[in-house]
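What follows is the content of model.pdb, which has PDB, C-alpha atoms:
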```pdb
ATOM      1  CA  MET U  17      16.711 -30.336 -51.583
ATOM      2  CA  ASN U  18      19.188 -27.739 -52.767
ATOM      3  CA  LEU U  19      18.879 -23.965 -52.970
ATOM      4  CA  ILE U  20      20.076 -21.322 -55.407
ATOM      5  CA  ILE U  21      20.157 -17.846 -53.901
ATOM      6  CA  SER U  22      20.038 -14.758 -56.083
ATOM      7  CA  GLY U  23      22.051 -12.470 -53.825
ATOM      8  CA  THR U  24      20.290  -9.157 -54.404
ATOM      9  CA  ASN U  25      16.868  -7.712 -53.724
ATOM     10  CA  ARG U  26      16.950  -5.719 -56.966
ATOM     11  CA  GLU U  27      13.896  -6.566 -59.081
ATOM     12  CA  ARG U  28      14.546  -8.202 -62.487
ATOM     13  CA  SER U  29      18.282  -8.358 -61.804
ATOM     14  CA  ASN U  30      20.905 -10.035 -63.951
ATOM     15  CA  SER U  31      21.708 -12.123 -60.874
ATOM     16  CA  LEU U  32      18.204 -13.554 -60.940
ATOM     17  CA  LYS U  33      18.574 -14.349 -64.645
ATOM     18  CA  ILE U  34      21.821 -16.198 -63.928
ATOM     19  CA  ALA U  35      20.201 -17.973 -60.960
ATOM     20  CA  LYS U  36      17.378 -19.197 -63.205
ATOM     21  CA  TYR U  37      19.932 -20.368 -65.768
ATOM     22  CA  TYR U  38      21.763 -22.364 -63.065
ATOM     23  CA  GLN U  39      18.488 -23.823 -61.808
ATOM     24  CA  GLN U  40      17.531 -24.964 -65.299
ATOM     25  CA  GLU U  41      20.952 -26.506 -65.963
ATOM     26  CA  LEU U  42      21.222 -28.208 -62.562
ATOM     27  CA  GLN U  43      17.743 -29.687 -62.857
ATOM     28  CA  ARG U  44      18.844 -31.221 -66.159
ATOM     29  CA  LYS U  45      21.349 -33.147 -64.043
ATOM     30  CA  GLY U  46      18.433 -34.697 -62.173
ATOM     31  CA  GLU U  47      18.748 -32.840 -58.867
ATOM     32  CA  SER U  48      16.029 -30.875 -57.087
ATOM     33  CA  TRP U  49      16.916 -27.158 -56.909
ATOM     34  CA  GLU U  50      14.734 -24.418 -55.463
ATOM     35  CA  LEU U  51      15.360 -20.740 -56.166
ATOM     36  CA  LEU U  52      15.263 -17.926 -53.631
ATOM     37  CA  SER U  53      15.521 -14.336 -54.749
ATOM     38  CA  LEU U  54      16.409 -11.947 -51.965
ATOM     39  CA  SER U  55      13.724  -9.678 -53.425
ATOM     40  CA  ASP U  56      11.336 -12.104 -51.672
ATOM     41  CA  LEU U  57      12.656 -11.204 -48.223
ATOM     42  CA  PRO U  58      10.358  -9.292 -45.877
ATOM     43  CA  SER U  59      10.949  -5.592 -46.483
ATOM     44  CA  ASP U  60      11.346  -4.998 -42.751
ATOM     45  CA  ILE U  61      13.773  -7.896 -42.174
ATOM     46  CA  THR U  62      16.227  -5.747 -40.205
ATOM     47  CA  VAL U  63      13.519  -5.110 -37.609
ATOM     48  CA  THR U  64      11.660  -8.427 -37.666
ATOM     49  CA  ASP U  65      14.270 -11.157 -38.083
ATOM     50  CA  LEU U  66      17.566 -10.191 -36.493
ATOM     51  CA  TYR U  67      18.831 -10.681 -32.953
ATOM     52  CA  GLY U  68      16.823 -13.805 -32.195
ATOM     53  CA  LYS U  69      13.514 -12.580 -33.596
ATOM     54  CA  ARG U  70      11.557 -14.578 -36.175
ATOM     55  CA  SER U  71       8.652 -13.241 -38.222
ATOM     56  CA  GLU U  72       5.906 -15.281 -39.835
ATOM     57  CA  ALA U  73       7.032 -13.947 -43.225
ATOM     58  CA  PHE U  74      10.565 -15.331 -42.780
ATOM     59  CA  LYS U  75       9.568 -18.771 -41.464
ATOM     60  CA  PRO U  76       9.067 -20.376 -44.920
ATOM     61  CA  ILE U  77      12.386 -18.875 -46.078
ATOM     62  CA  GLN U  78      14.122 -20.290 -43.024
ATOM     63  CA  ALA U  79      12.510 -23.665 -43.719
ATOM     64  CA  LEU U  80      13.936 -23.632 -47.274
ATOM     65  CA  VAL U  81      17.414 -22.801 -45.985
ATOM     66  CA  SER U  82      17.264 -25.391 -43.214
ATOM     67  CA  ALA U  83      16.170 -28.136 -45.633
ATOM     68  CA  ALA U  84      18.886 -27.401 -48.195
ATOM     69  CA  HIS U  85      22.021 -29.543 -48.399
ATOM     70  CA  LYS U  86      23.786 -27.533 -51.088
ATOM     71  CA  PHE U  87      23.666 -23.876 -52.071
ATOM     72  CA  VAL U  88      24.613 -21.892 -55.142
ATOM     73  CA  PHE U  89      25.071 -18.229 -54.310
ATOM     74  CA  ILE U  90      24.806 -15.828 -57.256
ATOM     75  CA  ILE U  91      26.654 -12.783 -55.953
ATOM     76  CA  PRO U  92      26.466  -9.442 -57.764
ATOM     77  CA  GLU U  93      29.118  -6.801 -57.219
ATOM     78  CA  TYR U  94      28.006  -3.928 -55.021
ATOM     79  CA  ASN U  95      30.672  -1.338 -54.224
ATOM     80  CA  GLY U  96      33.551  -3.766 -54.685
ATOM     81  CA  SER U  97      32.025  -6.561 -52.591
ATOM     82  CA  PHE U  98      28.738  -8.392 -52.125
ATOM     83  CA  PRO U  99      25.355  -6.763 -51.386
ATOM     84  CA  GLY U 100      24.492  -5.794 -47.835
ATOM     85  CA  ILE U 101      21.124  -7.536 -48.210
ATOM     86  CA  LEU U 102      22.982 -10.832 -48.673
ATOM     87  CA  LYS U 103      24.773 -10.298 -45.357
ATOM     88  CA  VAL U 104      21.492  -9.327 -43.667
ATOM     89  CA  PHE U 105      19.929 -12.515 -45.044
ATOM     90  CA  ILE U 106      22.790 -14.651 -43.692
ATOM     91  CA  ASP U 107      22.539 -12.883 -40.321
ATOM     92  CA  ALA U 108      18.767 -13.455 -40.180
ATOM     93  CA  CYS U 109      19.087 -17.202 -40.752
ATOM     94  CA  SER U 110      19.369 -19.508 -37.750
ATOM     95  CA  PHE U 111      22.965 -20.196 -36.787
ATOM     96  CA  PRO U 112      24.508 -22.735 -36.967
ATOM     97  CA  ALA U 113      21.678 -24.930 -38.306
ATOM     98  CA  SER U 114      21.216 -23.044 -41.579
ATOM     99  CA  PHE U 115      24.666 -23.432 -43.089
ATOM    100  CA  PHE U 116      26.878 -25.472 -40.746
ATOM    101  CA  HIS U 117      28.824 -28.101 -42.772
ATOM    102  CA  LYS U 118      26.682 -27.627 -45.855
ATOM    103  CA  LYS U 119      28.095 -27.149 -49.355
ATOM    104  CA  ALA U 120      28.271 -23.910 -51.312
ATOM    105  CA  ALA U 121      29.182 -22.949 -54.860
ATOM    106  CA  LEU U 122      29.841 -19.281 -55.623
ATOM    107  CA  VAL U 123      29.204 -17.308 -58.796
ATOM    108  CA  GLY U 124      30.269 -13.666 -59.091
ATOM    109  CA  VAL U 125      28.343 -11.330 -61.383
ATOM    110  CA  SER U 126      29.221  -7.812 -62.465
ATOM    111  CA  THR U 127      28.658  -5.332 -65.231
ATOM    112  CA  GLY U 128      32.357  -4.487 -64.999
ATOM    113  CA  LYS U 129      35.250  -6.561 -66.217
ATOM    114  CA  TYR U 130      36.239  -8.500 -63.089
ATOM    115  CA  GLY U 131      33.128 -10.544 -62.337
ATOM    116  CA  ASN U 132      33.037  -9.593 -58.648
ATOM    117  CA  ILE U 133      36.295 -11.316 -57.751
ATOM    118  CA  ARG U 134      36.625  -9.353 -54.486
ATOM    119  CA  GLY U 135      33.016  -9.864 -53.445
ATOM    120  CA  VAL U 136      33.265 -13.612 -53.996
ATOM    121  CA  ASP U 137      36.493 -13.659 -51.964
ATOM    122  CA  HIS U 138      34.791 -11.675 -49.190
ATOM    123  CA  PHE U 139      31.808 -14.018 -49.233
ATOM    124  CA  THR U 140      34.133 -17.041 -49.172
ATOM    125  CA  GLY U 141      35.345 -15.751 -45.794
ATOM    126  CA  VAL U 142      31.757 -15.592 -44.535
ATOM    127  CA  CYS U 143      31.155 -19.154 -45.773
ATOM    128  CA  ASN U 144      34.329 -20.361 -44.067
ATOM    129  CA  TYR U 145      33.236 -18.749 -40.799
ATOM    130  CA  MET U 146      29.923 -20.609 -41.066
ATOM    131  CA  ARG U 147      31.937 -23.809 -41.707
ATOM    132  CA  MET U 148      30.502 -24.295 -45.152
ATOM    133  CA  HIS U 149      32.387 -26.443 -47.633
ATOM    134  CA  VAL U 150      33.028 -24.138 -50.602
ATOM    135  CA  LEU U 151      33.493 -25.607 -54.073
ATOM    136  CA  PRO U 152      36.971 -24.533 -55.205
ATOM    137  CA  LEU U 153      35.817 -23.717 -58.755
ATOM    138  CA  LYS U 154      34.281 -20.250 -58.587
ATOM    139  CA  ILE U 155      32.827 -18.557 -61.652
ATOM    140  CA  HIS U 156      33.164 -14.819 -62.300
ATOM    141  CA  LEU U 157      30.774 -13.481 -64.934
ATOM    142  CA  SER U 158      32.032 -10.101 -66.057
ATOM    143  CA  LYS U 159      30.069  -7.741 -68.297
ATOM    144  CA  VAL U 160      27.088  -9.967 -67.603
ATOM    145  CA  HIS U 161      24.811  -7.882 -69.825
ATOM    146  CA  ASP U 162      26.976  -9.011 -72.783
ATOM    147  CA  GLU U 163      26.879 -12.655 -71.633
ATOM    148  CA  LEU U 164      23.085 -13.018 -71.712
ATOM    149  CA  GLY U 165      21.033 -13.327 -74.858
ATOM    150  CA  GLY U 166      17.444 -12.175 -75.292
ATOM    151  CA  ASP U 167      16.225 -15.501 -73.909
ATOM    152  CA  ASP U 168      18.383 -15.078 -70.760
ATOM    153  CA  GLN U 169      20.668 -17.908 -71.853
ATOM    154  CA  LEU U 170      24.447 -17.576 -71.880
ATOM    155  CA  ILE U 171      25.626 -16.821 -75.393
ATOM    156  CA  ASP U 172      29.432 -16.887 -75.178
ATOM    157  CA  GLU U 173      30.781 -20.362 -75.922
ATOM    158  CA  LEU U 174      33.777 -20.100 -73.586
ATOM    159  CA  THR U 175      31.669 -18.753 -70.701
ATOM    160  CA  THR U 176      29.169 -21.562 -71.220
ATOM    161  CA  LYS U 177      31.990 -24.122 -71.155
ATOM    162  CA  PHE U 178      33.294 -22.883 -67.774
ATOM    163  CA  VAL U 179      29.816 -22.548 -66.277
ATOM    164  CA  GLN U 180      28.954 -26.084 -67.391
ATOM    165  CA  GLU U 181      32.166 -27.342 -65.814
ATOM    166  CA  GLN U 182      31.145 -25.754 -62.508
ATOM    167  CA  ILE U 183      27.603 -27.120 -62.821
ATOM    168  CA  ASP U 184      28.990 -30.630 -63.343
ATOM    169  CA  GLU U 185      31.107 -30.198 -60.215
ATOM    170  CA  ILE U 186      28.148 -28.884 -58.217
ATOM    171  CA  ALA U 187      26.140 -31.967 -59.176
ATOM    172  CA  ARG U 188      28.974 -34.231 -57.959
ATOM    173  CA  PHE U 189      29.791 -32.087 -54.884
TER
END
```

Go ahead and render the structure in this file as structure tokens.
Amino acid sequence: MNLIISGTNRERSNSLKIAKYYQQELQRKGESWELLSLSDLPSDITVTDLYGKRSEAFKPIQALVSAAHKFVFIIPEYNGSFPGILKVFIDACSFPASFFHKKAALVGVSTGKYGNIRGVDHFTGVCNYMRMHVLPLKIHLSKVHDELGGDDQLIDELTTKFVQEQIDEIARF
């Protein structure tokens, strides 16, 4: 089993739309991919699931993470980096069992023109600390609102080409 993580708890986010697009495209490759939106995290996660605590609400999320072999992190830009909720999620997961020597692909998303380059670089450091194997091809979707059509599919031909290249690499990774 593999897991795509929409790295924000914002409802109806562009990150979630991109995560669903990746799930659809990766499943076409014949792999099993689950989707986790951080909007599904317990609202009191900072009290219930940090510092060795484990809530009943987080147990099924932890089970998903533990069972996954590969991850795709969809990482929106928040204040020049990645969202704090993504770091809280990582911190709440069991260490090292959750991520140790597993594979990760990273996708930056922003409404600005740089596609969260810095946030993806910052998150790469977190992945390296957790000894994850990070796919070298990272995608940066800038002005994401212009990249998505009304059906939440990518509409720019060049963007689609690069995303498909990464998806092919994820499937082989």

Task: Result set of the PyMOL selection byres ((chain U and resi 160) around 8) on the coordinates above, as a VMD selection string - done: chain U and resid 30 125 to 127 157 to 159 161 to 164

TODO: Apply the PyMOL selection byres ((chain U and resi 62) around 10) to the structure shown and report the selected residues as JSON, numbers by chain.
DONE: {"U": [58, 59, 60, 61, 63, 64, 65, 66, 67, 69, 101, 104, 105, 107, 108]}

Interface rows for region 43-121 of chain U against region 145-153 of chain U: nearest pair, Å to one decimal, 10 Å, only C-alpha atoms, as a Markdown table:
```
| residue | atom | partner | partner_atom | distance |
| --- | --- | --- | --- | --- |
| U:Lys86 | CA | U:His149 | CA | 9.3 |
| U:Phe87 | CA | U:Val150 | CA | 9.5 |
| U:Val88 | CA | U:Leu151 | CA | 9.7 |
| U:Ile106 | CA | U:Met146 | CA | 9.7 |
| U:Phe111 | CA | U:Met146 | CA | 8.2 |
| U:Pro112 | CA | U:Met146 | CA | 7.1 |
| U:Ala113 | CA | U:Met146 | CA | 9.7 |
| U:Ser114 | CA | U:Met146 | CA | 9.1 |
| U:Phe115 | CA | U:Met148 | CA | 6.2 |
| U:Phe116 | CA | U:Arg147 | CA | 5.4 |
| U:His117 | CA | U:Met148 | CA | 4.8 |
| U:Lys118 | CA | U:Met148 | CA | 5.1 |
| U:Lys119 | CA | U:His149 | CA | 4.7 |
| U:Ala120 | CA | U:Val150 | CA | 4.8 |
| U:Ala121 | CA | U:Leu151 | CA | 5.1 |
```

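Nearest residue to Glu181 (chain U), choosing from U:Leu42, U:Gly165, U:Ile77, U:Glu93 and counting all atoms listed in the file: U:Leu42.
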
Task: Distance of CA of His138 (chain U) from CA of Leu54 (chain U), expressed in Å to one decimal place - done: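 We find that CA of Leu54 (chain U) and CA of His138 (chain U) lie 18.6 Å from each other.
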
- [ ] In Å, rounded to a single decimal, give me how far CA of Met17 (chain U) is from CA of Leu102 (chain U).
- [x] 20.7 Å

Taking the file as I've supplied it (selection: the PyMOL selection byres ((chain U and resi 155) around 9)), which residues are included? Please answer as an mmCIF file with C-alpha atoms, in the coordinates of the input.
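That gives us part_36.cif:
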```cif
data_model
loop_
_atom_site.group_PDB
_atom_site.id
_atom_site.type_symbol
_atom_site.label_atom_id
_atom_site.label_comp_id
_atom_site.auth_asym_id
_atom_site.auth_seq_id
_atom_site.Cartn_x
_atom_site.Cartn_y
_atom_site.Cartn_z
ATOM 1 C CA ALA U 121 29.182 -22.949 -54.860
ATOM 2 C CA LEU U 122 29.841 -19.281 -55.623
ATOM 3 C CA VAL U 123 29.204 -17.308 -58.796
ATOM 4 C CA GLY U 124 30.269 -13.666 -59.091
ATOM 5 C CA VAL U 125 28.343 -11.330 -61.383
ATOM 6 C CA GLY U 131 33.128 -10.544 -62.337
ATOM 7 C CA ILE U 133 36.295 -11.316 -57.751
ATOM 8 C CA LEU U 153 35.817 -23.717 -58.755
ATOM 9 C CA LYS U 154 34.281 -20.250 -58.587
ATOM 10 C CA HIS U 156 33.164 -14.819 -62.300
ATOM 11 C CA LEU U 157 30.774 -13.481 -64.934
ATOM 12 C CA PHE U 178 33.294 -22.883 -67.774
ATOM 13 C CA VAL U 179 29.816 -22.548 -66.277
ATOM 14 C CA GLN U 182 31.145 -25.754 -62.508
#
```

Task: Within 9 Å of Gly135 (chain U) using only C-alpha atoms, minus same-chain residues under 2 positions, as an NGL selection string - done: :U and (91-99 or 124 or 131-133 or 137-140)

- [ ] Just give me the gap between CA of Tyr37 (chain U) and CA of Leu170 (chain U) in Å, one decimal is fine.
- [x] 8.1 Å

Open item on the list: Given only C-alpha atoms as the basis, pick out the residue of U:Ala73, U:Ile21, U:Lys103, U:Lys177 nearest to Val142 (chain U).
Closed with: U:Lys103

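Distances to Ala79 (chain U) were evaluated for U:Asn18, U:Gln39, U:Ser31, U:Asn25 using only C-alpha atoms, and the minimum falls at U:Asn18.
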
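Nearest residue to Arg188 (chain U) among U:Arg26, U:Ser82, U:Glu47, U:Ile34 is U:Glu47, counting only C-alpha atoms.
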
Would you compute the box with edges along x, y and z of the file around region 169-184 of chain U, including every atom the file lists for it and 5 Å extra on each side, and give its centre and edge lengths in Å to one decimal, as AutoDock Vina command-line options?
```
--center_x 27.2 --center_y -23.7 --center_z -69.2 --size_x 23.1 --size_y 23.8 --size_z 23.4
```

- [ ] Mind checking which residues fall within 6 Å of Leu19 (chain U), counting only C-alpha atoms, ignoring those fewer than 2 positions away in the same chain, and posting them as a ChimeraX atom specification?
- [x] /U:49-51,84,87

Residues as selected, C-alpha atoms, written as an mmCIF file, in the frame of the given file, can you do that?
```cif
data_model
loop_
_atom_site.group_PDB
_atom_site.id
_atom_site.type_symbol
_atom_site.label_atom_id
_atom_site.label_comp_id
_atom_site.auth_asym_id
_atom_site.auth_seq_id
_atom_site.Cartn_x
_atom_site.Cartn_y
_atom_site.Cartn_z
ATOM 1 C CA TRP U 49 16.916 -27.158 -56.909
ATOM 2 C CA GLU U 50 14.734 -24.418 -55.463
ATOM 3 C CA LEU U 51 15.360 -20.740 -56.166
ATOM 4 C CA ALA U 84 18.886 -27.401 -48.195
ATOM 5 C CA PHE U 87 23.666 -23.876 -52.071
#
```

TODO: Excluding Leu52 (chain U) and any residue of its chain fewer than 6 positions from it, enumerate the residues within 10 Å of it, using all atoms listed in the file, and give them as a ChimeraX atom specification.
DONE: /U:19-23,32,35-36,77,80-81,89
